file upload_30.txt (compact mmCIF, C-alpha atoms)
# COMPACT_ATOMS: atom_id res chain seq x y z
CA MET I 270 -210.03 32.83 -40.99
CA THR I 271 -208.50 33.80 -44.29
CA ALA I 272 -209.95 35.35 -47.37
CA VAL I 273 -209.81 33.46 -50.65
CA GLY I 274 -206.28 33.32 -51.98
CA THR I 275 -204.88 33.95 -55.40
CA GLN I 276 -205.96 32.10 -58.50
CA ALA I 277 -202.45 30.60 -58.57
CA ASP I 278 -203.63 28.18 -55.91
CA PRO I 279 -204.63 25.01 -57.80
CA LEU I 280 -207.58 24.55 -55.45
CA ALA I 281 -209.27 27.44 -57.25
CA THR I 282 -209.28 25.40 -60.45
CA LEU I 283 -210.37 22.12 -58.87
CA PRO I 284 -213.79 21.31 -60.40
CA LYS I 285 -216.32 21.02 -57.60
CA ALA I 286 -219.94 21.51 -56.60
CA HIS I 287 -221.04 23.93 -53.90
CA LEU I 288 -223.96 22.44 -52.02
CA HIS I 289 -224.23 24.52 -48.85
CA LEU I 290 -224.54 28.26 -49.41
CA HIS I 291 -227.23 30.56 -48.00
CA PHE I 292 -228.83 33.37 -49.96
CA THR I 293 -227.95 36.63 -48.17
CA GLY I 294 -224.95 34.94 -46.55
CA SER I 295 -223.44 34.36 -49.99
CA LEU I 296 -222.80 38.07 -50.49
CA SER I 297 -219.41 39.73 -50.30
CA VAL I 298 -219.15 42.72 -47.98
CA PRO I 299 -218.74 45.22 -50.88
CA THR I 300 -221.83 43.88 -52.65
CA LEU I 301 -223.88 44.07 -49.45
CA GLN I 302 -222.60 47.60 -48.86
CA GLY I 303 -223.72 48.60 -52.35
CA LEU I 304 -227.22 47.23 -51.74
CA ALA I 305 -227.43 49.01 -48.40
CA ASP I 306 -226.20 52.33 -49.81
CA ALA I 307 -228.79 52.19 -52.59
CA ARG I 308 -231.51 51.78 -49.97
CA GLY I 309 -230.22 54.34 -47.49
CA ILE I 310 -229.44 51.68 -44.90
CA GLU I 311 -226.49 52.24 -42.57
CA LEU I 312 -224.76 48.99 -41.72
CA PRO I 313 -222.94 48.54 -38.40
CA ASP I 314 -219.15 48.47 -38.53
CA ALA I 315 -219.21 44.98 -37.02
CA LEU I 316 -220.86 43.75 -40.22
CA VAL I 317 -218.75 45.46 -42.86
CA ASP I 318 -215.35 45.79 -41.20
CA ALA I 319 -213.11 42.76 -41.78
CA VAL I 320 -211.32 43.22 -38.48
CA ALA I 321 -214.57 43.51 -36.52
CA LEU I 322 -215.93 40.41 -38.27
CA GLU I 323 -213.08 38.34 -36.82
CA VAL I 324 -215.09 37.37 -33.74
CA PRO I 325 -213.13 36.52 -30.57
CA ALA I 326 -213.62 32.93 -29.43
CA ASP I 327 -215.50 33.96 -26.27
CA LYS I 328 -218.08 35.95 -28.28
CA ARG I 329 -218.92 33.36 -30.94
CA GLY I 330 -222.33 31.75 -31.11
CA TRP I 331 -225.63 31.42 -32.92
CA PHE I 332 -227.45 34.51 -31.65
CA ARG I 333 -224.74 36.96 -32.62
CA PHE I 334 -224.61 35.39 -36.07
CA GLN I 335 -228.39 35.53 -36.52
CA ARG I 336 -228.58 39.15 -35.42
CA PHE I 337 -226.10 40.25 -38.07
CA TYR I 338 -227.65 38.02 -40.72
CA ASP I 339 -231.01 39.69 -40.10
CA ILE I 340 -229.41 43.13 -40.42
CA ALA I 341 -227.82 42.15 -43.73
CA ARG I 342 -231.05 40.65 -45.02
CA ALA I 343 -232.84 43.97 -44.51
CA ALA I 344 -230.75 45.36 -47.38
CA VAL I 345 -231.90 42.61 -49.76
CA THR I 346 -235.20 44.09 -50.85
CA GLY I 347 -236.72 44.39 -54.30
CA GLU I 348 -236.23 42.46 -57.51
CA ASP I 349 -232.87 44.00 -58.37
CA ALA I 350 -231.45 42.94 -54.99
CA LEU I 351 -232.65 39.36 -55.39
CA ARG I 352 -231.10 39.20 -58.83
CA THR I 353 -227.86 40.75 -57.53
CA VAL I 354 -227.53 38.05 -54.86
CA VAL I 355 -227.96 35.20 -57.34
CA ARG I 356 -225.72 36.78 -59.96
CA SER I 357 -222.97 37.55 -57.41
CA ALA I 358 -223.09 34.06 -55.90
CA ALA I 359 -222.68 32.46 -59.31
CA ALA I 360 -219.79 34.78 -60.22
CA GLU I 361 -217.97 34.08 -56.94
CA ASP I 362 -218.34 30.34 -57.43
CA ALA I 363 -217.20 30.54 -61.05
CA ALA I 364 -213.95 32.10 -59.82
CA GLU I 365 -213.47 29.13 -57.49
CA GLY I 366 -213.89 26.31 -59.96
CA SER I 367 -217.49 25.41 -59.13
CA ARG I 368 -219.43 23.62 -61.80
CA ARG I 369 -222.69 23.44 -59.84
CA LEU I 370 -224.07 25.74 -57.13
CA GLU I 371 -227.15 24.83 -55.12
CA LEU I 372 -228.17 28.11 -53.50
CA GLN I 373 -230.43 27.84 -50.46
CA VAL I 374 -233.21 30.36 -49.85
CA ASP I 375 -236.33 30.84 -47.76
CA PRO I 376 -238.47 33.00 -50.08
CA THR I 377 -240.53 34.13 -47.07
CA SER I 378 -237.72 36.44 -46.05
CA TYR I 379 -237.89 38.39 -49.32
CA ALA I 380 -241.52 38.04 -50.40
CA ALA I 381 -242.88 41.29 -48.98
CA SER I 382 -240.71 43.49 -51.23
CA VAL I 383 -241.68 41.78 -54.50
CA GLY I 384 -245.35 40.99 -54.06
CA GLY I 385 -245.38 37.54 -52.49
CA LEU I 386 -243.78 34.14 -52.18
CA GLN I 387 -244.35 33.06 -55.76
CA PRO I 388 -242.91 36.21 -57.37
CA ALA I 389 -239.89 35.98 -55.05
CA LEU I 390 -239.12 32.42 -56.07
CA GLU I 391 -239.82 33.10 -59.75
CA ILE I 392 -237.37 36.02 -59.75
CA ILE I 393 -234.70 33.92 -58.04
CA CYS I 394 -235.18 30.99 -60.43
CA ASP I 395 -235.20 33.27 -63.46
CA GLU I 396 -231.94 34.92 -62.41
CA ALA I 397 -230.42 31.51 -61.65
CA ARG I 398 -231.05 30.52 -65.27
CA ALA I 399 -229.50 33.75 -66.51
CA ALA I 400 -226.51 33.49 -64.16
CA SER I 401 -225.93 29.88 -65.22
CA ALA I 402 -225.71 30.95 -68.85
CA ALA I 403 -223.49 33.93 -68.05
CA THR I 404 -220.98 32.25 -65.73
CA GLY I 405 -220.96 28.60 -66.73
CA VAL I 406 -221.86 27.59 -63.18
CA GLN I 407 -225.08 25.59 -63.16
CA VAL I 408 -227.24 27.17 -60.45
CA GLY I 409 -229.99 25.12 -58.80
CA ILE I 410 -232.20 26.42 -56.01
CA VAL I 411 -232.88 24.81 -52.64
CA VAL I 412 -236.07 26.09 -51.05
CA ALA I 413 -235.68 25.93 -47.28
CA ALA I 414 -238.22 26.39 -44.52
CA SER I 415 -237.25 27.96 -41.21
CA ARG I 416 -237.45 26.41 -37.76
CA VAL I 417 -238.51 29.75 -36.31
CA ARG I 418 -241.69 29.79 -38.39
CA HIS I 419 -244.76 27.56 -38.10
CA PRO I 420 -244.55 24.10 -39.71
CA PHE I 421 -247.68 24.97 -41.72
CA ASP I 422 -245.61 27.70 -43.42
CA ALA I 423 -243.13 24.98 -44.40
CA ARG I 424 -245.92 23.04 -46.12
CA THR I 425 -246.79 26.13 -48.14
CA LEU I 426 -243.16 26.44 -49.20
CA ALA I 427 -242.98 22.75 -50.09
CA ARG I 428 -245.98 23.09 -52.40
CA LEU I 429 -244.44 26.18 -53.98
CA ALA I 430 -241.12 24.40 -54.42
CA ALA I 431 -242.90 21.44 -56.03
CA ARG I 432 -244.21 23.68 -58.81
CA HIS I 433 -240.65 24.60 -59.77
CA ALA I 434 -239.00 21.20 -59.25
CA GLY I 435 -236.27 19.99 -61.58
CA GLN I 436 -232.55 19.32 -61.90
CA GLY I 437 -231.49 21.94 -64.41
CA PRO I 438 -230.42 25.59 -64.14
CA GLY I 439 -232.93 27.78 -62.34
CA GLU I 440 -235.02 24.86 -61.08
CA VAL I 441 -235.74 23.92 -57.48
CA CYS I 442 -233.68 20.81 -56.80
CA ALA I 443 -234.27 20.11 -53.09
CA PHE I 444 -236.14 21.11 -49.94
CA GLY I 445 -234.42 22.11 -46.71
CA LEU I 446 -234.94 23.25 -43.13
CA ASN I 447 -232.63 25.79 -41.57
CA ASN I 448 -232.21 28.31 -38.76
CA ASN I 449 -231.69 27.60 -35.05
CA GLU I 450 -231.60 23.84 -34.43
CA TRP I 451 -232.88 24.41 -30.90
CA GLU I 452 -236.22 25.69 -32.17
CA GLY I 453 -239.31 23.53 -32.68
CA ASP I 454 -240.08 19.83 -32.71
CA THR I 455 -238.49 18.18 -35.75
CA ALA I 456 -241.42 15.79 -36.16
CA GLU I 457 -243.69 18.75 -36.98
CA TRP I 458 -241.86 19.34 -40.27
CA ASP I 459 -242.46 15.78 -41.45
CA GLY I 460 -245.53 16.87 -43.46
CA ALA I 461 -243.61 19.47 -45.46
CA PHE I 462 -240.84 17.02 -46.33
CA ARG I 463 -243.38 14.40 -47.41
CA ILE I 464 -244.94 16.96 -49.77
CA ALA I 465 -241.49 17.71 -51.18
CA ARG I 466 -240.59 14.03 -51.62
CA ARG I 467 -243.82 13.35 -53.49
CA ALA I 468 -242.72 16.05 -55.96
CA GLY I 469 -239.34 14.38 -56.37
CA LEU I 470 -237.48 16.88 -54.19
CA PRO I 471 -234.84 15.35 -51.90
CA GLY I 472 -234.53 16.55 -48.30
CA VAL I 473 -231.48 18.55 -47.22
CA PRO I 474 -232.25 19.75 -43.67
CA HIS I 475 -229.73 21.22 -41.26
CA GLY I 476 -228.81 19.08 -38.30
CA GLY I 477 -225.92 17.99 -36.13
CA GLU I 478 -224.14 21.32 -35.74
CA LEU I 479 -225.64 23.29 -32.84
CA ARG I 480 -227.16 20.14 -31.35
CA GLY I 481 -225.74 16.69 -30.86
CA PRO I 482 -226.41 13.18 -32.13
CA ASP I 483 -229.75 12.66 -30.37
CA HIS I 484 -231.25 15.58 -32.25
CA LEU I 485 -229.58 14.51 -35.48
CA ALA I 486 -231.20 11.09 -35.08
CA GLU I 487 -234.59 12.85 -34.94
CA VAL I 488 -233.78 14.66 -38.17
CA LEU I 489 -233.02 11.32 -39.83
CA ARG I 490 -236.16 9.70 -38.45
CA TRP I 491 -238.68 12.36 -39.40
CA LEU I 492 -237.21 14.14 -42.42
CA GLU I 493 -235.48 11.25 -44.25
CA PRO I 494 -232.66 13.41 -45.66
CA THR I 495 -230.53 12.67 -48.68
CA ARG I 496 -227.97 15.18 -47.43
CA VAL I 497 -227.58 16.84 -44.04
CA GLY I 498 -226.45 20.41 -43.57
CA HIS I 499 -223.39 20.02 -41.31
CA GLY I 500 -223.95 16.71 -39.45
CA VAL I 501 -220.53 16.92 -37.82
CA ARG I 502 -221.85 16.03 -34.36
CA ALA I 503 -222.56 12.51 -35.66
CA VAL I 504 -218.96 11.69 -34.73
CA GLU I 505 -220.10 11.70 -31.08
CA ASP I 506 -222.16 8.54 -31.68
CA ASP I 507 -220.41 5.72 -33.54
CA ASP I 508 -223.66 3.85 -34.25
CA LEU I 509 -225.38 6.92 -35.67
CA LEU I 510 -222.37 7.76 -37.83
CA ALA I 511 -222.23 4.21 -39.18
CA ARG I 512 -225.95 4.30 -39.94
CA MET I 513 -225.60 7.55 -41.86
CA VAL I 514 -222.61 6.24 -43.80
CA ASP I 515 -224.45 3.02 -44.65
CA ALA I 516 -227.47 5.03 -45.82
CA GLY I 517 -225.27 7.09 -48.14
CA ILE I 518 -226.27 10.39 -46.55
CA THR I 519 -223.96 13.22 -47.58
CA PHE I 520 -222.50 15.50 -44.92
CA GLU I 521 -222.36 19.15 -46.02
CA VAL I 522 -219.39 20.14 -43.87
CA CYS I 523 -218.62 23.84 -43.41
CA PRO I 524 -215.47 24.17 -41.25
CA ALA I 525 -215.51 27.96 -41.01
CA SER I 526 -219.11 27.91 -39.80
CA ASN I 527 -218.35 25.32 -37.13
CA VAL I 528 -215.62 27.51 -35.67
CA GLN I 529 -217.33 30.88 -36.00
CA LEU I 530 -220.48 29.55 -34.31
CA GLY I 531 -218.42 28.21 -31.43
CA ILE I 532 -219.02 24.51 -32.09
CA TYR I 533 -215.29 23.81 -32.22
CA PRO I 534 -212.53 26.10 -30.92
CA THR I 535 -210.27 25.86 -33.98
CA LEU I 536 -210.34 24.61 -37.55
CA ALA I 537 -208.12 21.72 -36.50
CA ASP I 538 -210.87 20.52 -34.15
CA VAL I 539 -213.47 20.14 -36.92
CA PRO I 540 -213.82 16.33 -37.33
CA LEU I 541 -213.27 16.26 -41.07
CA ARG I 542 -210.72 13.45 -40.95
CA VAL I 543 -212.94 11.39 -38.64
CA LEU I 544 -215.81 11.62 -41.12
CA VAL I 545 -213.64 10.76 -44.09
CA ALA I 546 -212.03 7.84 -42.25
CA ALA I 547 -215.50 6.51 -41.40
CA GLY I 548 -216.35 6.40 -45.09
CA ALA I 549 -218.75 9.33 -45.02
CA ARG I 550 -219.48 11.21 -48.21
CA VAL I 551 -218.44 14.78 -47.46
CA ALA I 552 -219.19 17.88 -49.52
CA LEU I 553 -217.42 21.00 -48.31
CA GLY I 554 -219.42 24.23 -48.22
CA ALA I 555 -218.91 27.86 -47.26
CA ASP I 556 -222.32 28.34 -45.56
CA ASP I 557 -222.29 32.14 -45.04
CA PRO I 558 -219.08 33.72 -46.34
CA LEU I 559 -220.46 37.22 -45.71
CA LEU I 560 -220.14 36.69 -41.95
CA PHE I 561 -217.44 34.02 -41.81
CA LEU I 562 -215.05 35.72 -44.30
CA SER I 563 -214.28 32.33 -45.79
CA ARG I 564 -215.45 31.15 -49.21
CA LEU I 565 -215.49 27.71 -50.80
CA VAL I 566 -211.81 27.43 -51.77
CA ASP I 567 -210.94 28.34 -48.19
CA GLN I 568 -212.73 25.21 -46.99
CA TYR I 569 -210.60 23.10 -49.33
CA ARG I 570 -207.53 25.00 -48.19
CA THR I 571 -208.42 24.17 -44.59
CA ALA I 572 -208.72 20.50 -45.54
CA ARG I 573 -205.27 20.63 -47.13
CA ASP I 574 -203.30 22.93 -44.84
CA VAL I 575 -204.94 22.21 -41.47
CA HIS I 576 -206.08 18.60 -41.83
CA GLY I 577 -203.26 17.43 -44.09
CA LEU I 578 -205.36 16.06 -46.93
CA SER I 579 -203.49 15.34 -50.16
CA HIS I 580 -204.55 16.52 -53.59
CA GLY I 581 -205.89 13.03 -54.14
CA ASP I 582 -208.01 13.36 -51.01
CA LEU I 583 -209.23 16.79 -52.09
CA ALA I 584 -210.14 15.46 -55.51
CA GLY I 585 -212.14 12.80 -53.68
CA LEU I 586 -214.02 15.51 -51.76
CA ALA I 587 -214.67 17.37 -55.00
CA LYS I 588 -216.00 14.18 -56.60
CA ALA I 589 -218.21 13.60 -53.57
CA SER I 590 -219.66 17.08 -53.92
CA VAL I 591 -220.41 16.54 -57.60
CA SER I 592 -221.92 13.11 -57.01
CA ALA I 593 -224.08 14.42 -54.15
CA SER I 594 -225.39 17.32 -56.20
CA PHE I 595 -228.82 17.11 -57.80
CA ALA I 596 -227.55 18.01 -61.25
CA PRO I 597 -228.43 15.84 -64.27
CA ASP I 598 -226.33 12.66 -64.43
CA ALA I 599 -224.84 13.58 -67.80
CA ASP I 600 -223.46 16.83 -66.40
CA LYS I 601 -222.07 15.08 -63.33
CA ALA I 602 -220.22 12.60 -65.56
CA VAL I 603 -218.51 15.49 -67.38
CA TRP I 604 -217.49 17.21 -64.14
CA LEU I 605 -216.19 14.00 -62.56
CA ALA I 606 -213.95 13.49 -65.59
CA GLU I 607 -212.72 17.07 -65.16
CA VAL I 608 -211.74 16.30 -61.56
CA ASP I 609 -209.66 13.35 -62.79
CA ASP I 610 -207.98 15.62 -65.31
CA TRP I 611 -207.25 18.20 -62.59
CA LEU I 612 -205.62 15.53 -60.40
CA ALA I 613 -203.52 14.30 -63.31
CA HIS I 614 -202.11 17.81 -63.65
CA ASN I 615 -201.90 18.51 -59.90
CA PRO I 616 -200.56 15.35 -58.22
CA GLY I 617 -199.51 15.41 -54.62

call {"tool": "encode", "arguments": {"input": "upload_30.txt", "output": "structure tokens"}}
result
Amino acid sequence: MTAVGTQADPLATLPKAHLHLHFTGSLSVPTLQGLADARGIELPDALVDAVALEVPADKRGWFRFQRFYDIARAAVTGEDALRTVVRSAAAEDAAEGSRRLELQVDPTSYAASVGGLQPALEIICDEARAASAATGVQVGIVVAASRVRHPFDARTLARLAARHAGQGPGEVCAFGLNNNEWEGDTAEWDGAFRIARRAGLPGVPHGGELRGPDHLAEVLRWLEPTRVGHGVRAVEDDDLLARMVDAGITFEVCPASNVQLGIYPTLADVPLRVLVAAGARVALGADDPLLFLSRLVDQYRTARDVHGLSHGDLAGLAKASVSASFAPDADKAVWLAEVDDWLAHNPG
């Protein structure tokens, strides 16, 4: 994996939307270290050392990732930490040409340090509004339930999300389901997603990364997603892939995540070209740059340098990300025009 390159790379100025980024996972190592130092928390070298974070292929996998994510999350306590995460995520995306960031969070993980679920989400939404104004990146919030918690907890989160629903800065724009795909029965989260849909919140659950097409089909059946987090394993079932393409479901593809979690051995093996060739709408995302050492522009760089996509192709991916965002239509029209302008100045 490579760190984000210089601003001379035109990909850093390509207007785009970032639709798959997790809360604590959005942090840079220095920012996490600062939060930990302020709280007297000693982080393991394997979490803060760039060399140690380059995980050998035979040691990659979900459980190692989750263990380190949990360690990092322990440093994100208190209102100032929640605000730091949002502010830092917006600033990082601003440097990479993002026009819209949809930051995913399970407020349950942070509620205890700020007095409950509602205060946690209110702080995050308030800082998202402030960060949008400060950086020019429009920050929406995706409230996501966790597969490792009870489905009734997801219904509570869906009702909370519904009270903050909207398309603008600092509003909850969608409802998701994350964590280990092997946990739980997908059908049990149907109730939470129905609550969210009734409030106008589209579904953006994870699926089709750790588990294959059969499980992804269950996600489609029970959760009726507008976008799917990852979804890359759909390429293993031509009928399922065609059904998803026909339904207009967006694939939030995160190449670095796929490799670092051991789904594919190398970046070249990620089926990005297969999805694009099938007519899928693909939005590239960084997922958890804290642990994968690879931010949003790196995903576009992978598409260009590893998969051979042209600037025209990359502009198409950027347009797909903007179109698949839950931003107001008027804003999307402006950003789509900016992508066309970028391509006019960066042919190839």

call {"tool": "closest_residue", "arguments": {"input": "upload_30.txt", "among": "I:Asp422, I:Glu521, I:Glu457, I:Asp375", "to": "Leu565 of chain I", "atoms": "all atoms listed in the file"}}
result
I:Glu521

call {"tool": "residues_around", "arguments": {"input": "upload_30.txt", "residues": "Arg564 of chain I", "least_positions_apart": "3", "cutoff": "7 Å", "atoms": "all atoms listed in the file", "output": "PyMOL selection string"}}
result
chain I and resi 273+555+558+567-568

call {"tool": "residues_around", "arguments": {"input": "upload_30.txt", "residues": "segment 385-402 of chain I", "least_positions_apart": "3", "cutoff": "8 Å", "atoms": "all atoms listed in the file", "output": "JSON, numbers by chain"}}
result
{"I": [348, 351, 352, 355, 356, 359, 360, 376, 377, 379, 380, 381, 382, 405, 406, 407, 408, 409, 410, 429, 438, 439, 440, 441]}

call {"tool": "closest_atom_pairs", "arguments": {"input": "upload_30.txt", "of": "segment 454-493 of chain I", "to": "segment 445-449 of chain I", "cutoff": "12 Å", "atoms": "only C-alpha atoms", "output": "JSON lines"}}
result
{"residue": "I:Asp454", "atom": "CA", "partner": "I:Asn449", "partner_atom": "CA", "distance": 11.7}
{"residue": "I:Thr455", "atom": "CA", "partner": "I:Leu446", "partner_atom": "CA", "distance": 9.6}
{"residue": "I:Glu457", "atom": "CA", "partner": "I:Leu446", "partner_atom": "CA", "distance": 11.6}
{"residue": "I:Trp458", "atom": "CA", "partner": "I:Leu446", "partner_atom": "CA", "distance": 8.4}
{"residue": "I:Asp459", "atom": "CA", "partner": "I:Leu446", "partner_atom": "CA", "distance": 10.7}
{"residue": "I:Ala461", "atom": "CA", "partner": "I:Gly445", "partner_atom": "CA", "distance": 9.6}
{"residue": "I:Phe462", "atom": "CA", "partner": "I:Gly445", "partner_atom": "CA", "distance": 8.2}
{"residue": "I:Arg463", "atom": "CA", "partner": "I:Gly445", "partner_atom": "CA", "distance": 11.8}
{"residue": "I:Ala465", "atom": "CA", "partner": "I:Gly445", "partner_atom": "CA", "distance": 9.5}
{"residue": "I:Arg466", "atom": "CA", "partner": "I:Gly445", "partner_atom": "CA", "distance": 11.3}
{"residue": "I:Leu470", "atom": "CA", "partner": "I:Gly445", "partner_atom": "CA", "distance": 9.6}
{"residue": "I:Pro471", "atom": "CA", "partner": "I:Gly445", "partner_atom": "CA", "distance": 8.5}
{"residue": "I:Gly472", "atom": "CA", "partner": "I:Gly445", "partner_atom": "CA", "distance": 5.8}
{"residue": "I:Val473", "atom": "CA", "partner": "I:Gly445", "partner_atom": "CA", "distance": 4.6}
{"residue": "I:Pro474", "atom": "CA", "partner": "I:Gly445", "partner_atom": "CA", "distance": 4.4}
{"residue": "I:His475", "atom": "CA", "partner": "I:Asn447", "partner_atom": "CA", "distance": 5.4}
{"residue": "I:Gly476", "atom": "CA", "partner": "I:Asn447", "partner_atom": "CA", "distance": 8.4}
{"residue": "I:Gly477", "atom": "CA", "partner": "I:Asn449", "partner_atom": "CA", "distance": 11.3}
{"residue": "I:Glu478", "atom": "CA", "partner": "I:Asn449", "partner_atom": "CA", "distance": 9.8}
{"residue": "I:Leu479", "atom": "CA", "partner": "I:Asn449", "partner_atom": "CA", "distance": 7.8}
{"residue": "I:Arg480", "atom": "CA", "partner": "I:Asn449", "partner_atom": "CA", "distance": 9.5}
{"residue": "I:Val488", "atom": "CA", "partner": "I:Leu446", "partner_atom": "CA", "distance": 10.0}
{"residue": "I:Leu492", "atom": "CA", "partner": "I:Leu446", "partner_atom": "CA", "distance": 9.4}
{"residue": "I:Glu493", "atom": "CA", "partner": "I:Gly445", "partner_atom": "CA", "distance": 11.2}

call {"tool": "atom_distance", "arguments": {"input": "upload_30.txt", "atom1": "atom CA of Thr300 of chain I", "atom2": "atom CA of Arg368 of chain I"}}
result
22.4 Å

call {"tool": "residues_around", "arguments": {"input": "upload_30.txt", "residues": "Phe595 of chain I", "least_positions_apart": "6", "cutoff": "8 Å", "atoms": "all atoms listed in the file", "output": "MDAnalysis selection string"}}
result
chainID I and resid 436 442:443

call {"tool": "closest_residue", "arguments": {"input": "upload_30.txt", "among": "I:His580, I:Lys588, I:His419, I:Arg432", "to": "Arg550 of chain I", "atoms": "only C-alpha atoms"}}
result
I:Lys588

call {"tool": "residues_around", "arguments": {"input": "upload_30.txt", "residues": "Val514 of chain I", "least_positions_apart": "3", "cutoff": "12 Å", "atoms": "all atoms listed in the file", "output": "list in words"}}
result
Thr495, Arg496, Val497, Gly500, Ala503, Val504, Asp507, Asp508, Leu509, Leu510, Ala511, Gly517, Ile518, Thr519, Phe520, Leu544, Val545, Ala546, Ala547, Gly548, Ala549, Arg550 and Val551 of chain I

call {"tool": "residues_around", "arguments": {"input": "upload_30.txt", "residues": "Lys601 of chain I", "least_positions_apart": "5", "cutoff": "9 Å", "atoms": "all atoms listed in the file", "output": "PyMOL selection string"}}
result
chain I and resi 591-592+594-596+606

call {"tool": "atom_distance", "arguments": {"input": "upload_30.txt", "atom1": "atom CA of Leu283 of chain I", "atom2": "atom CA of Leu559 of chain I"}}
result
22.4 Å

call {"tool": "atom_distance", "arguments": {"input": "upload_30.txt", "atom1": "atom CA of Asp506 of chain I", "atom2": "atom CA of Pro482 of chain I"}}
result
6.3 Å

call {"tool": "closest_residue", "arguments": {"input": "upload_30.txt", "among": "I:Thr571, I:Leu560, I:Leu296, I:Gly303", "to": "Ala315 of chain I", "atoms": "only C-alpha atoms"}}
result
I:Leu560
